[in-house]
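Chemist: There's a structure below that I have some questions on.
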Amino acid sequence: MNDLYLVYKNLTRKPLRFFLTLFSIFIAFMIYGTLTAFETARNSSVELSADDRLMTLNKINFTQPLPISYVRKVEGIKGIKAVVHMNWFGGYYQDPSNQVQTFAVDQTKLFDVYGEDMLLPDDQFQAWLKNRQGLIVGRAIAKKNGWKLGDRIPLNSNIFTQKNGSTAWEFDIEGIYTGSSPQIDTNGVYFHYDYFNKTKSFGGDYIGWMGIRTEDPALNERIIKAIDDMFVNSPWETETMPEKVFIKGFLEQLGNISLMINSVVSAAFFIILVIVGFSMALAIQERTNEIGVMKTLGFQSLRIFKMVLGESMLLAFLGGILGLLVANVIADFLAQAPQFPVPDIILKWSIIFNALGLMALLGLVTGIVPAVNALRLNIITALSKR
């Protein structure tokens with residue numbers, strides 16, 4: 001306990017240096033915690049994707065349609081449990097800048113494929129099935145726009161028009177779904193494909209893609225081949241892939257965010273490593289005479305080594321833990337902010353444990369050289385220093 005007190009007193013003997021060094025570590029770990037939590041939330045859709053789900057798209061690219069007749073043919077392939085077809089609506093609410101992830105779907109099959117991720121009370125589901133203009137909306141998008149059950153809202157499309165020339169479709173909110181995990185995206189809204197198909201002015205009887213649930217992930221490879229072989233050399237050839245592969249590829253089109261985040265974090269830690277290392281070396285150099293006196297009074301070299309190393313470790317953990325606490329507050333704020341269009345940002349235990357490891361490494365790297373120098377310091381040499 002006495003040694004810990006000495007470590008603390010030595011660390012804080014120059015308050016301004018202590019504060020600035022502590023603040024630099026605090027900033028580094030605040031950045032690390034916030035950006036890593038953001039990256040984890042961004043990649044959560046890949047991690048949470050089901051192994052028994054596939055996506056079938058037009059082989060040309062994601063934006064090209066497929067005939068709706070393909071759905072029945074795919075449903076007949078052995079090993080497929082359920083198929084739901086979807087269309088991207090290109091929706092926005094009130095203002096084009098307020099984009100809404102809107103999908104026209106086969107309402108009878110949506111939860112057969114995605115029911116393990118999307119949680120909707122049965123009474124709301126039944127109300128949605130019965131209402132041709134019914135809409136189910138995710139918790140996050142409902143919170144963002146202030147929607148509630150029973151609201152009648154217009155959604156405009158920046159792609160499609162109705163037969164009467166209008167770009168706005170009227171909907172009744174019949175259900176608000178939540179995610180089975182806090183990091184399931186609940187920014188989407190879904191409405192009846194039949195309503196969409198009969199009212200839009202062009203592109204009738206075409207779909208965007210199919211979501212497929214298989215009976216066993218082990219059957220995926222065979223089913224993928226069976227689907228794509230079925231439509232080979234047709235005007236609308238298909239490309240089928242695991243859901244995880246599709247989502248990962250889609251995210252990569254938005255840019256290598258992971259590389260940018262890792263670059264920022266690495267740069268921050270490199271700068272902090274230099275700052276803290278220099279501060280620790282300077283602090284020990286200033287105390288050369290004191291170390292000589294301590295050894296004269298009977299302090300063992302190993303004990304002094306532990307005390308010097310303890311200073312850098314204590315500094316790293318104090319600044320790092322404070323940084324993580326603030327990062328957690330920021331993550332919680334972003335998770336509650338309706339304007340933030342990603343799944344909940346959570347400071348997971350894996351991030352915390354990794355951060356604790358980085359704190360220990362930072363303390364070791366910045367403290368080991370001054371500690372070894374103190375260990376080897378000769379009493380006569382130390383006392384002769386001025």
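Ordering of the structure tokens sets the chain letters (A, B, ...); residue numbers start at 1 within each chain; ligands are numbered from 1 in the order shown.
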Could you pull the residues within 7 Å of Ala374 of chain A, counting only C-alpha atoms, minus those fewer than 4 positions along the same chain, as a short mmCIF file (atom, residue, chain, number, x, y, z; two decimals) with N, CA and C atoms, in the first residue's frame?

Modeler:
data_model
loop_
_atom_site.label_atom_id
_atom_site.label_comp_id
_atom_site.auth_asym_id
_atom_site.auth_seq_id
_atom_site.Cartn_x
_atom_site.Cartn_y
_atom_site.Cartn_z
N ILE A 304 12.02 -0.72 -6.95
CA ILE A 304 11.97 0.56 -7.67
C ILE A 304 11.50 0.33 -9.11
N PHE A 305 11.98 -0.76 -9.71
CA PHE A 305 11.53 -1.13 -11.07
C PHE A 305 10.01 -1.25 -11.12
N PRO A 370 12.12 3.34 -18.94
CA PRO A 370 12.47 4.07 -17.71
C PRO A 370 12.62 3.15 -16.51
#

Chemist: Select, from A:Ile77, A:Val365, A:Met55, A:Leu318, the residue with the minimum atom-to-atom distance to Met230 of chain A, counting only C-alpha atoms.

Modeler: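 Comparing A:Ile77, A:Val365, A:Met55, A:Leu318 against Met230 of chain A, the winner is A:Ile77.
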
Chemist: Write out as a ChimeraX atom specification which residues come within 12 Å of segment 92-100 of chain A when counting only C-alpha atoms, dropping same-chain ones fewer than 6 positions away.

Modeler: /A:137-138,140-142,144-147,153-160,167-171,186-190,338-341

Chemist: Write the residues you've just listed into a file as a PDB file, in the first residue's frame, and include C-alpha atoms for each of them.

Modeler:
ATOM      1  CA  VAL A 137     -42.378   0.056 -39.498  1.00  0.00           C
ATOM      2  CA  GLY A 138     -39.249  -0.520 -37.437  1.00  0.00           C
ATOM      3  CA  ALA A 140     -35.941   3.171 -34.961  1.00  0.00           C
ATOM      4  CA  ILE A 141     -37.647   4.762 -37.979  1.00  0.00           C
ATOM      5  CA  ALA A 142     -40.909   5.176 -36.040  1.00  0.00           C
ATOM      6  CA  LYS A 144     -37.219   9.190 -35.776  1.00  0.00           C
ATOM      7  CA  ASN A 145     -40.431  10.378 -37.470  1.00  0.00           C
ATOM      8  CA  GLY A 146     -42.745  10.297 -34.471  1.00  0.00           C
ATOM      9  CA  TRP A 147     -44.984   7.596 -35.957  1.00  0.00           C
ATOM     10  CA  ILE A 153     -48.917   8.625 -43.521  1.00  0.00           C
ATOM     11  CA  PRO A 154     -47.793   9.363 -47.102  1.00  0.00           C
ATOM     12  CA  LEU A 155     -44.565   7.911 -48.445  1.00  0.00           C
ATOM     13  CA  ASN A 156     -43.159   9.275 -51.677  1.00  0.00           C
ATOM     14  CA  SER A 157     -41.012   7.331 -54.115  1.00  0.00           C
ATOM     15  CA  ASN A 158     -38.098   8.826 -55.999  1.00  0.00           C
ATOM     16  CA  ILE A 159     -38.283   5.921 -58.484  1.00  0.00           C
ATOM     17  CA  PHE A 160     -41.929   5.017 -59.101  1.00  0.00           C
ATOM     18  CA  THR A 167     -45.406   9.865 -56.423  1.00  0.00           C
ATOM     19  CA  ALA A 168     -47.065   9.512 -53.001  1.00  0.00           C
ATOM     20  CA  TRP A 169     -48.684   6.366 -51.591  1.00  0.00           C
ATOM     21  CA  GLU A 170     -50.934   6.504 -48.529  1.00  0.00           C
ATOM     22  CA  PHE A 171     -50.386   3.935 -45.752  1.00  0.00           C
ATOM     23  CA  THR A 186     -35.096  -1.421 -37.362  1.00  0.00           C
ATOM     24  CA  ASN A 187     -34.998   1.431 -39.867  1.00  0.00           C
ATOM     25  CA  GLY A 188     -37.031  -0.427 -42.511  1.00  0.00           C
ATOM     26  CA  VAL A 189     -40.719  -0.251 -43.432  1.00  0.00           C
ATOM     27  CA  TYR A 190     -42.711  -2.876 -45.366  1.00  0.00           C
ATOM     28  CA  PRO A 338     -33.339   9.020 -33.981  1.00  0.00           C
ATOM     29  CA  GLN A 339     -31.326  10.813 -36.675  1.00  0.00           C
ATOM     30  CA  PHE A 340     -28.580   8.182 -36.558  1.00  0.00           C
ATOM     31  CA  PRO A 341     -29.477   5.600 -39.244  1.00  0.00           C
TER      32      PRO A 341
END

Chemist: Report as an MDAnalysis selection string all protein, DNA and RNA residues lying within 12 Å of Ala355 of chain A, evaluated on only C-alpha atoms, omitting residues in the same chain fewer than 4 positions from it.

Modeler: chainID A and resid 25:26 28:34 36:37 265 269 316:317 319:325 327 347:351 359:362

Chemist: Would you mind telling me which residue in A:Gly115, A:Gly203, A:Pro217, A:Gly211 lies nearest to Gly79 of chain A when using only C-alpha atoms?

Modeler: A:Pro217

Chemist: Return the single residue from A:Met118, A:Met307, A:Leu129, A:Ile223 that is closest to Ser180 of chain A, with distances computed using only C-alpha atoms.

Modeler: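 Among the listed residues, the smallest separation from Ser180 of chain A belongs to A:Met118.
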